[in-house]
file run.pdb (PDB, C-alpha atoms)
ATOM      1  CA  MET A 228      11.008 -68.636  57.324
ATOM      2  CA  GLU A 229      13.800 -66.465  55.944
ATOM      3  CA  GLY A 230      15.918 -69.524  55.255
ATOM      4  CA  MET A 231      13.026 -71.192  53.426
ATOM      5  CA  ARG A 232      12.474 -68.074  51.320
ATOM      6  CA  LEU A 233      16.142 -67.996  50.323
ATOM      7  CA  LEU A 234      16.064 -71.697  49.464
ATOM      8  CA  ILE A 235      12.984 -71.277  47.274
ATOM      9  CA  VAL A 236      14.520 -68.285  45.464
ATOM     10  CA  ALA A 237      17.773 -70.208  44.901
ATOM     11  CA  LEU A 238      15.928 -73.254  43.538
ATOM     12  CA  LEU A 239      13.816 -71.116  41.216
ATOM     13  CA  GLY A 240      16.939 -69.283  40.099
ATOM     14  CA  ALA A 241      18.652 -72.588  39.292
ATOM     15  CA  CYS A 242      15.597 -73.705  37.288
ATOM     16  CA  VAL A 243      15.643 -70.449  35.328
ATOM     17  CA  GLY A 244      19.369 -71.037  34.819
ATOM     18  CA  SER A 245      18.520 -74.406  33.282
ATOM     19  CA  PHE A 246      16.136 -72.686  30.866
ATOM     20  CA  THR A 247      18.816 -70.054  30.208
ATOM     21  CA  ASN A 248      21.090 -72.837  28.951
ATOM     22  CA  VAL A 249      18.371 -73.795  26.457
ATOM     23  CA  VAL A 250      17.945 -70.192  25.300
ATOM     24  CA  VAL A 251      21.702 -69.679  24.912
ATOM     25  CA  TRP A 252      22.036 -72.840  22.804
ATOM     26  CA  ARG A 253      18.941 -72.490  20.628
ATOM     27  CA  LEU A 254      18.391 -68.772  20.072
ATOM     28  CA  PRO A 255      21.586 -68.217  18.031
ATOM     29  CA  ARG A 256      20.610 -71.266  15.952
ATOM     30  CA  GLN A 257      17.140 -69.801  15.351
ATOM     31  CA  GLU A 258      15.464 -72.762  17.044
ATOM     32  CA  SER A 259      12.387 -72.669  19.259
ATOM     33  CA  VAL A 260      13.269 -72.389  22.936
ATOM     34  CA  VAL A 261      10.181 -74.372  23.987
ATOM     35  CA  HIS A 262       9.827 -77.145  21.391
ATOM     36  CA  PRO A 263      11.063 -79.829  21.305
ATOM     37  CA  GLY A 264      11.818 -80.473  24.961
ATOM     38  CA  SER A 265      15.341 -80.832  26.328
ATOM     39  CA  HIS A 266      17.249 -83.552  24.500
ATOM     40  CA  CYS A 267      20.784 -84.733  23.913
ATOM     41  CA  PRO A 268      22.185 -82.905  20.848
ATOM     42  CA  ARG A 269      24.180 -86.016  19.916
ATOM     43  CA  CYS A 270      21.724 -88.916  20.142
ATOM     44  CA  GLY A 271      18.466 -86.921  20.226
ATOM     45  CA  HIS A 272      16.999 -88.786  23.214
ATOM     46  CA  ALA A 273      14.733 -86.727  25.444
ATOM     47  CA  ILE A 274      16.273 -85.902  28.797
ATOM     48  CA  ARG A 275      14.354 -87.502  31.662
ATOM     49  CA  TRP A 276      12.904 -85.091  34.191
ATOM     50  CA  HIS A 277      15.111 -86.393  37.021
ATOM     51  CA  ASP A 278      18.208 -86.007  34.835
ATOM     52  CA  ASN A 279      17.175 -82.424  34.115
ATOM     53  CA  LEU A 280      17.272 -81.313  37.749
ATOM     54  CA  PRO A 281      19.547 -78.237  37.961
ATOM     55  CA  VAL A 282      23.134 -79.075  39.025
ATOM     56  CA  LEU A 283      22.063 -82.305  40.745
ATOM     57  CA  GLY A 284      21.101 -84.033  37.484
ATOM     58  CA  TRP A 285      24.508 -83.317  35.963
ATOM     59  CA  LEU A 286      26.294 -84.594  39.073
ATOM     60  CA  LEU A 287      24.262 -87.817  39.208
ATOM     61  CA  LEU A 288      24.946 -88.472  35.526
ATOM     62  CA  GLY A 289      28.652 -87.853  35.993
ATOM     63  CA  GLY A 290      28.500 -85.224  33.268
ATOM     64  CA  ARG A 291      27.450 -87.737  30.566
ATOM     65  CA  CYS A 292      24.269 -88.517  28.624
ATOM     66  CA  ARG A 293      22.416 -91.494  30.103
ATOM     67  CA  ASP A 294      21.655 -92.903  26.633
ATOM     68  CA  CYS A 295      24.761 -92.403  24.491
ATOM     69  CA  GLY A 296      27.429 -91.480  27.023
ATOM     70  CA  ALA A 297      28.322 -88.216  25.301
ATOM     71  CA  GLY A 298      29.886 -85.635  27.576
ATOM     72  CA  ILE A 299      27.701 -82.851  28.945
ATOM     73  CA  SER A 300      29.606 -79.591  29.317
ATOM     74  CA  TRP A 301      30.402 -78.419  32.839
ATOM     75  CA  ARG A 302      29.026 -75.060  31.763
ATOM     76  CA  TYR A 303      25.447 -76.256  32.250
ATOM     77  CA  PRO A 304      25.626 -76.726  36.034
ATOM     78  CA  VAL A 305      27.830 -73.638  36.375
ATOM     79  CA  VAL A 306      25.205 -71.465  34.662
ATOM     80  CA  GLU A 307      22.476 -72.993  36.839
ATOM     81  CA  LEU A 308      24.487 -72.314  39.985
ATOM     82  CA  ALA A 309      25.377 -68.788  38.841
ATOM     83  CA  SER A 310      21.711 -68.066  38.152
ATOM     84  CA  ALA A 311      20.768 -69.262  41.653
ATOM     85  CA  LEU A 312      23.396 -66.987  43.226
ATOM     86  CA  LEU A 313      22.351 -64.017  41.102
ATOM     87  CA  TRP A 314      18.734 -64.518  42.128
ATOM     88  CA  LEU A 315      19.809 -64.496  45.754
ATOM     89  CA  SER A 316      21.827 -61.328  45.190
ATOM     90  CA  ALA A 317      18.708 -59.651  43.770
ATOM     91  CA  LEU A 318      17.144 -59.824  47.224
ATOM     92  CA  SER A 319      19.956 -57.656  48.626
ATOM     93  CA  VAL A 320      19.099 -54.549  46.587
ATOM     94  CA  GLN A 321      19.901 -51.545  48.757
ATOM     95  CA  ALA A 322      17.686 -48.658  49.798
ATOM     96  CA  GLY A 323      17.981 -45.898  47.223
ATOM     97  CA  ALA A 324      18.958 -48.385  44.513
ATOM     98  CA  GLY A 325      16.726 -50.358  42.171
ATOM     99  CA  GLY A 326      16.488 -47.629  39.547
ATOM    100  CA  GLY A 327      13.798 -45.686  41.378
ATOM    101  CA  TRP A 328      11.299 -48.544  41.106
ATOM    102  CA  PRO A 329       8.699 -48.779  43.887
ATOM    103  CA  GLU A 330      10.478 -50.222  46.920
ATOM    104  CA  PRO A 331       8.296 -53.335  47.416
ATOM    105  CA  TRP A 332       8.906 -54.306  43.771
ATOM    106  CA  ARG A 333      12.675 -53.984  43.710
ATOM    107  CA  PRO A 334      13.835 -57.410  44.923
ATOM    108  CA  TRP A 335      11.387 -59.215  42.632
ATOM    109  CA  ALA A 336      11.993 -56.910  39.680
ATOM    110  CA  GLY A 337      15.692 -57.688  40.041
ATOM    111  CA  LEU A 338      14.909 -61.359  39.396
ATOM    112  CA  VAL A 339      13.427 -60.405  36.032
ATOM    113  CA  LEU A 340      16.351 -58.125  35.201
ATOM    114  CA  VAL A 341      18.996 -60.740  35.918
ATOM    115  CA  ALA A 342      16.990 -63.364  34.014
ATOM    116  CA  LEU A 343      17.294 -61.052  30.989
ATOM    117  CA  LEU A 344      20.946 -60.144  31.484
ATOM    118  CA  LEU A 345      22.379 -63.636  31.980
ATOM    119  CA  PRO A 346      21.460 -65.100  28.551
ATOM    120  CA  LEU A 347      22.566 -61.886  26.873
ATOM    121  CA  VAL A 348      25.973 -62.168  28.530
ATOM    122  CA  LEU A 349      26.431 -65.812  27.568
ATOM    123  CA  ILE A 350      25.300 -65.359  23.960
ATOM    124  CA  ASP A 351      27.611 -62.370  23.542
ATOM    125  CA  LEU A 352      30.533 -64.368  24.925
ATOM    126  CA  ASP A 353      29.790 -67.213  22.508
ATOM    127  CA  HIS A 354      28.848 -65.317  19.358
ATOM    128  CA  LEU A 355      29.702 -61.619  19.832
ATOM    129  CA  TRP A 356      25.985 -61.009  19.348
ATOM    130  CA  LEU A 357      23.278 -59.543  21.565
ATOM    131  CA  PRO A 358      19.842 -60.721  20.398
ATOM    132  CA  GLU A 359      17.597 -57.757  19.671
ATOM    133  CA  PRO A 360      14.372 -59.455  20.885
ATOM    134  CA  LEU A 361      15.795 -59.941  24.392
ATOM    135  CA  CYS A 362      17.035 -56.345  24.508
ATOM    136  CA  ARG A 363      13.735 -55.026  23.161
ATOM    137  CA  TRP A 364      11.662 -56.943  25.692
ATOM    138  CA  GLY A 365      14.031 -55.766  28.400
ATOM    139  CA  VAL A 366      13.366 -52.155  27.424
ATOM    140  CA  VAL A 367       9.600 -52.698  27.384
ATOM    141  CA  ILE A 368       9.536 -54.428  30.773
ATOM    142  CA  GLY A 369      11.829 -51.803  32.265
ATOM    143  CA  LEU A 370       9.614 -48.953  31.127
ATOM    144  CA  LEU A 371       6.442 -50.692  32.307
ATOM    145  CA  GLY A 372       7.956 -51.155  35.756
ATOM    146  CA  SER A 373       9.221 -47.582  35.810
ATOM    147  CA  ALA A 374       5.692 -46.373  35.150
ATOM    148  CA  GLY A 375       4.711 -47.821  38.519
ATOM    149  CA  ALA A 376       6.956 -45.238  40.192
ATOM    150  CA  GLY A 377       5.208 -42.284  38.544
ATOM    151  CA  TRP A 378       5.481 -40.112  35.474
ATOM    152  CA  ALA A 379       8.731 -38.438  36.527
ATOM    153  CA  VAL A 380      10.565 -41.754  36.844
ATOM    154  CA  LEU A 381       9.045 -43.063  33.612
ATOM    155  CA  ALA A 382      10.106 -39.937  31.713
ATOM    156  CA  ASP A 383      13.648 -40.184  33.107
ATOM    157  CA  HIS A 384      13.939 -43.847  32.130
ATOM    158  CA  LEU A 385      12.429 -43.295  28.702
ATOM    159  CA  VAL A 386      14.871 -40.482  27.943
ATOM    160  CA  ALA A 387      17.752 -42.546  29.358
ATOM    161  CA  ALA A 388      16.913 -45.521  27.121
ATOM    162  CA  ALA A 389      16.669 -43.321  24.020
ATOM    163  CA  MET A 390      19.842 -41.361  24.774
ATOM    164  CA  ALA A 391      21.859 -44.494  25.560
ATOM    165  CA  LEU A 392      20.820 -45.999  22.236
ATOM    166  CA  VAL A 393      21.544 -42.864  20.210
ATOM    167  CA  LEU A 394      24.841 -42.018  21.907
ATOM    168  CA  LEU A 395      26.325 -45.501  21.650
ATOM    169  CA  GLU A 396      25.216 -45.965  18.052
ATOM    170  CA  GLY A 397      26.725 -42.560  17.286
ATOM    171  CA  LEU A 398      29.977 -43.475  19.042
ATOM    172  CA  SER A 399      30.175 -46.710  17.101
ATOM    173  CA  GLY A 400      29.608 -44.918  13.803
ATOM    174  CA  MET A 401      32.209 -42.254  14.609
ATOM    175  CA  ALA A 402      34.787 -44.890  15.521
ATOM    176  CA  GLU A 403      34.103 -46.721  12.273
ATOM    177  CA  ARG A 404      34.841 -43.562  10.335
ATOM    178  CA  LEU A 405      38.023 -42.739  12.251
ATOM    179  CA  LEU A 406      39.415 -46.232  12.849
ATOM    180  CA  GLY A 407      37.844 -48.214  10.042
ATOM    181  CA  GLN A 408      35.898 -50.479  12.417
ATOM    182  CA  PRO A 409      33.106 -49.936  14.943
ATOM    183  CA  ALA A 410      34.163 -49.421  18.554
ATOM    184  CA  LEU A 411      30.952 -51.092  19.717
ATOM    185  CA  GLY A 412      28.449 -53.446  18.188
ATOM    186  CA  LEU A 413      24.905 -52.204  17.671
ATOM    187  CA  GLY A 414      23.789 -54.821  20.187
ATOM    188  CA  ASP A 415      25.798 -52.988  22.844
ATOM    189  CA  ALA A 416      23.743 -49.858  22.195
ATOM    190  CA  LYS A 417      20.516 -51.844  22.575
ATOM    191  CA  LEU A 418      21.745 -53.388  25.832
ATOM    192  CA  ALA A 419      22.615 -49.908  27.094
ATOM    193  CA  ALA A 420      19.069 -48.833  26.180
ATOM    194  CA  LEU A 421      17.786 -51.720  28.279
ATOM    195  CA  GLY A 422      19.900 -50.426  31.156
ATOM    196  CA  GLY A 423      18.523 -46.932  30.712
ATOM    197  CA  ALA A 424      14.966 -48.246  30.840
ATOM    198  CA  TRP A 425      15.676 -49.917  34.181
ATOM    199  CA  LEU A 426      18.085 -47.436  35.815
ATOM    200  CA  GLY A 427      17.342 -43.967  34.475
ATOM    201  CA  ALA A 428      19.834 -41.387  33.202
ATOM    202  CA  ALA A 429      22.137 -41.213  36.223
ATOM    203  CA  GLY A 430      22.057 -44.967  36.642
ATOM    204  CA  ILE A 431      22.982 -45.882  33.072
ATOM    205  CA  ALA A 432      25.727 -43.223  33.059
ATOM    206  CA  VAL A 433      27.362 -44.838  36.101
ATOM    207  CA  ALA A 434      26.747 -48.324  34.697
ATOM    208  CA  MET A 435      28.504 -47.413  31.450
ATOM    209  CA  ALA A 436      31.401 -45.889  33.399
ATOM    210  CA  LEU A 437      31.783 -49.166  35.317
ATOM    211  CA  ALA A 438      31.496 -51.122  32.076
ATOM    212  CA  THR A 439      34.145 -48.997  30.353
ATOM    213  CA  LEU A 440      36.548 -49.258  33.290
ATOM    214  CA  SER A 441      36.160 -53.017  33.741
ATOM    215  CA  GLY A 442      36.263 -53.624  29.981
ATOM    216  CA  ALA A 443      39.430 -51.551  29.627
ATOM    217  CA  VAL A 444      41.146 -53.478  32.430
ATOM    218  CA  VAL A 445      40.213 -56.894  31.042
ATOM    219  CA  GLY A 446      40.993 -55.854  27.460
ATOM    220  CA  SER A 447      44.415 -54.514  28.461
ATOM    221  CA  LEU A 448      45.243 -57.681  30.372
ATOM    222  CA  GLY A 449      44.127 -59.759  27.397
ATOM    223  CA  ARG A 450      46.395 -57.881  25.013
ATOM    224  CA  VAL A 451      49.373 -57.875  27.379
ATOM    225  CA  SER A 452      48.997 -61.636  27.867
ATOM    226  CA  GLY A 453      48.618 -62.228  24.136
ATOM    227  CA  ARG A 454      45.113 -63.670  24.413
ATOM    228  CA  LEU A 455      43.782 -60.704  22.446
ATOM    229  CA  GLN A 456      45.418 -59.451  19.292
ATOM    230  CA  PRO A 457      45.615 -55.728  18.436
ATOM    231  CA  ARG A 458      42.204 -54.454  17.318
ATOM    232  CA  GLN A 459      40.668 -57.887  17.918
ATOM    233  CA  ALA A 460      37.034 -57.559  18.918
ATOM    234  CA  PHE A 461      35.848 -58.955  22.220
ATOM    235  CA  ALA A 462      32.475 -59.094  23.894
ATOM    236  CA  PHE A 463      31.625 -55.823  25.643
ATOM    237  CA  GLY A 464      28.069 -56.833  26.511
ATOM    238  CA  PRO A 465      29.118 -58.693  29.687
ATOM    239  CA  PHE A 466      30.717 -55.516  31.040
ATOM    240  CA  ILE A 467      27.608 -53.453  30.290
ATOM    241  CA  ALA A 468      25.478 -56.098  32.000
ATOM    242  CA  LEU A 469      27.834 -56.089  35.000
ATOM    243  CA  GLY A 470      27.566 -52.307  35.269
ATOM    244  CA  ILE A 471      23.769 -52.451  35.042
ATOM    245  CA  TRP A 472      23.555 -55.108  37.745
ATOM    246  CA  LEU A 473      25.959 -53.359  40.130
ATOM    247  CA  VAL A 474      24.083 -50.073  39.813
ATOM    248  CA  TRP A 475      20.746 -51.840  40.253
ATOM    249  CA  LEU A 476      21.945 -53.393  43.525
ATOM    250  CA  TRP A 477      23.709 -50.377  45.077
ATOM    251  CA  GLY A 478      22.509 -47.333  43.187
ATOM    252  CA  ALA A 479      24.244 -44.609  41.206
ATOM    253  CA  ASP A 480      24.787 -42.378  44.259
ATOM    254  CA  TRP A 481      26.612 -45.130  46.161
ATOM    255  CA  TRP A 482      28.983 -45.775  43.292
ATOM    256  CA  TRP A 483      29.595 -42.049  42.833
ATOM    257  CA  LYS A 484      30.545 -41.760  46.514
ATOM    258  CA  GLN A 485      32.980 -44.678  46.168
ATOM    259  CA  TRP A 486      34.584 -42.933  43.209
ATOM    260  CA  GLN A 487      34.921 -39.680  45.165
ATOM    261  CA  GLN A 488      36.498 -41.502  48.105
ATOM    262  CA  LEU A 489      38.923 -43.282  45.776
ATOM    263  CA  LEU A 490      40.034 -39.931  44.330
ATOM    264  CA  GLY A 491      40.205 -38.348  47.780
ATOM    265  CA  PHE A 492      37.418 -35.813  47.263
TER     266      PHE A 492
END

call {"tool": "encode", "arguments": {"input": "run.pdb", "output": "structure tokens"}}
result
Amino acid sequence: MEGMRLLIVALLGACVGSFTNVVVWRLPRQESVVHPGSHCPRCGHAIRWHDNLPVLGWLLLGGRCRDCGAGISWRYPVVELASALLWLSALSVQAGAGGGWPEPWRPWAGLVLVALLLPLVLIDLDHLWLPEPLCRWGVVIGLLGSAGAGWAVLADHLVAAAMALVLLEGLSGMAERLLGQPALGLGDAKLAALGGAWLGAAGIAVAMALATLSGAVVGSLGRVSGRLQPRQAFAFGPFIALGIWLVWLWGADWWWKQWQQLLGF
């Protein structure tokens, strides 16, 4: 039974990953994500249901459109597979983690959270843009779920969302005054607010610390290797999303203990 449950979750995750590909392509182009149905962007032919099966459809087609032979990016099956794995990881949320949500909800709430984070990450990587509607809905859903854990948790998450938004927007504005360009995009502040709504104050603080550390490492490597030029902007949203997801799975206390052990405290 456990194996069947994992298989079902993985298949559903892959299907959501397929829809994520649609969202990532259409939302920045201000197109409807539901109409028309999936079609080849080159020839316009509708994609047959059996060709639209996550991962398998791409493999059977050899990565090419059945009608015009145009190449289909390898990114599509990779996103579908990544979504399936992320959905499986959501089931491993640890005791004491999950942002203080009611324990029976946590594994399933994580599926919603990762379904929000994945398109945000991909759109930010492609366009250096974090769509406000996705962030806003993420905040709303996070606060509604937090309410199920009681008023204390809801108040903590509400304050965390507001403070994350205000602090990051303030930091961006201060950097623009001192350096002549924002340190963070306003979308980053909205994504941090989403994290606050799901994780609470302690959780989003640890998530932002993880995001800053991982972003600094990757940014430094990019500049040393020459892939990033001095003061060239790069997507920070993926690092915020990574921090949110890691804290959701293991909890702020667990990460704080790892940090103390690393420093020898």

call {"tool": "residues_near_point", "arguments": {"input": "run.pdb", "point": "(17.9, -41.2, 21.7)", "cutoff": "12 Å", "atoms": "only C-alpha atoms", "output": "list in words"}}
result
His384, Leu385, Val386, Ala387, Ala388, Ala389, Met390, Ala391, Leu392, Val393, Leu394, Leu395, Glu396, Gly397, Ala416, Lys417, Ala419, Ala420, Gly423, Ala424 and Ala428 of chain A

call {"tool": "closest_residue", "arguments": {"input": "run.pdb", "among": "A:Gly240, A:Gly442, A:Pro281, A:Gly478", "to": "Phe461 (chain A)", "atoms": "only C-alpha atoms"}}
result
A:Gly442

call {"tool": "atom_distance", "arguments": {"input": "run.pdb", "atom1": "CA of Leu345 (chain A)", "atom2": "CA of Asn279 (chain A)"}}
result
19.6 Å

call {"tool": "closest_residue", "arguments": {"input": "run.pdb", "among": "A:Leu347, A:Cys270, A:Gly323, A:Trp475", "to": "Gly369 (chain A)", "atoms": "only C-alpha atoms"}}
result
A:Trp475

call {"tool": "residues_near_point", "arguments": {"input": "run.pdb", "point": "(14.8, -66.2, 45.1)", "cutoff": "12 Å", "atoms": "only C-alpha atoms", "output": "ChimeraX atom specification"}}
result
/A:229-243,310-319,334-339,341-342

call {"tool": "axis_aligned_box", "arguments": {"input": "run.pdb", "around": "region 473-477 of chain A", "padding_each_side": "6 Å", "output": "AutoDock Vina command-line options"}}
result
--center_x 23.4 --center_y -51.7 --center_z 42.4 --size_x 17.2 --size_y 15.3 --size_z 17.3

call {"tool": "resolve_selection", "arguments": {"input": "run.pdb", "expression": "the PyMOL selection byres ((chain A and resi 258-263) around 12)", "output": "list in words"}}
result
Ser245, Phe246, Thr247, Asn248, Val249, Val250, Val251, Trp252, Arg253, Leu254, Pro255, Arg256, Gln257, Gly264, Ser265, His266, Cys267, Pro268, Gly271, His272, Ala273 and Ile274 of chain A

call {"tool": "resolve_selection", "arguments": {"input": "run.pdb", "expression": "the PyMOL selection byres ((chain A and resi 360) around 12)", "output": "number ranges by chain"}}
result
A: 254-255, 343, 346-347, 356-359, 361-367, 414, 417-418, 421

call {"tool": "write_last_selection", "arguments": {"input": "run.pdb", "atoms": "C-alpha atoms", "output": "PDB file, in the coordinates of the input"}}
result
ATOM      1  CA  LEU A 254      18.391 -68.772  20.072  1.00  0.00           C
ATOM      2  CA  PRO A 255      21.586 -68.217  18.031  1.00  0.00           C
ATOM      3  CA  LEU A 343      17.294 -61.052  30.989  1.00  0.00           C
ATOM      4  CA  PRO A 346      21.460 -65.100  28.551  1.00  0.00           C
ATOM      5  CA  LEU A 347      22.566 -61.886  26.873  1.00  0.00           C
ATOM      6  CA  TRP A 356      25.985 -61.009  19.348  1.00  0.00           C
ATOM      7  CA  LEU A 357      23.278 -59.543  21.565  1.00  0.00           C
ATOM      8  CA  PRO A 358      19.842 -60.721  20.398  1.00  0.00           C
ATOM      9  CA  GLU A 359      17.597 -57.757  19.671  1.00  0.00           C
ATOM     10  CA  LEU A 361      15.795 -59.941  24.392  1.00  0.00           C
ATOM     11  CA  CYS A 362      17.035 -56.345  24.508  1.00  0.00           C
ATOM     12  CA  ARG A 363      13.735 -55.026  23.161  1.00  0.00           C
ATOM     13  CA  TRP A 364      11.662 -56.943  25.692  1.00  0.00           C
ATOM     14  CA  GLY A 365      14.031 -55.766  28.400  1.00  0.00           C
ATOM     15  CA  VAL A 366      13.366 -52.155  27.424  1.00  0.00           C
ATOM     16  CA  VAL A 367       9.600 -52.698  27.384  1.00  0.00           C
ATOM     17  CA  GLY A 414      23.789 -54.821  20.187  1.00  0.00           C
ATOM     18  CA  LYS A 417      20.516 -51.844  22.575  1.00  0.00           C
ATOM     19  CA  LEU A 418      21.745 -53.388  25.832  1.00  0.00           C
ATOM     20  CA  LEU A 421      17.786 -51.720  28.279  1.00  0.00           C
TER      21      LEU A 421
END

call {"tool": "resolve_selection", "arguments": {"input": "run.pdb", "expression": "the PyMOL selection byres ((chain A and resi 372-374) around 8)", "output": "PDB file with C-alpha atoms, in the frame of the given file"}}
result
ATOM      1  CA  GLY A 327      13.798 -45.686  41.378  1.00  0.00           C
ATOM      2  CA  TRP A 328      11.299 -48.544  41.106  1.00  0.00           C
ATOM      3  CA  ILE A 368       9.536 -54.428  30.773  1.00  0.00           C
ATOM      4  CA  GLY A 369      11.829 -51.803  32.265  1.00  0.00           C
ATOM      5  CA  LEU A 370       9.614 -48.953  31.127  1.00  0.00           C
ATOM      6  CA  LEU A 371       6.442 -50.692  32.307  1.00  0.00           C
ATOM      7  CA  GLY A 375       4.711 -47.821  38.519  1.00  0.00           C
ATOM      8  CA  ALA A 376       6.956 -45.238  40.192  1.00  0.00           C
ATOM      9  CA  GLY A 377       5.208 -42.284  38.544  1.00  0.00           C
ATOM     10  CA  TRP A 378       5.481 -40.112  35.474  1.00  0.00           C
ATOM     11  CA  VAL A 380      10.565 -41.754  36.844  1.00  0.00           C
ATOM     12  CA  LEU A 381       9.045 -43.063  33.612  1.00  0.00           C
ATOM     13  CA  HIS A 384      13.939 -43.847  32.130  1.00  0.00           C
ATOM     14  CA  ALA A 424      14.966 -48.246  30.840  1.00  0.00           C
ATOM     15  CA  TRP A 425      15.676 -49.917  34.181  1.00  0.00           C
TER      16      TRP A 425
END

call {"tool": "atom_distance", "arguments": {"input": "run.pdb", "atom1": "CA of Gly464 (chain A)", "atom2": "CA of Leu308 (chain A)"}}
result
20.8 Å

call {"tool": "closest_residue", "arguments": {"input": "run.pdb", "among": "A:Ala460, A:Leu287, A:Ala479, A:Leu344", "to": "Val433 (chain A)", "atoms": "all atoms listed in the file"}}
result
A:Ala479

call {"tool": "atom_distance", "arguments": {"input": "run.pdb", "atom1": "CA of Ala462 (chain A)", "atom2": "CA of Val306 (chain A)"}}
result
17.9 Å
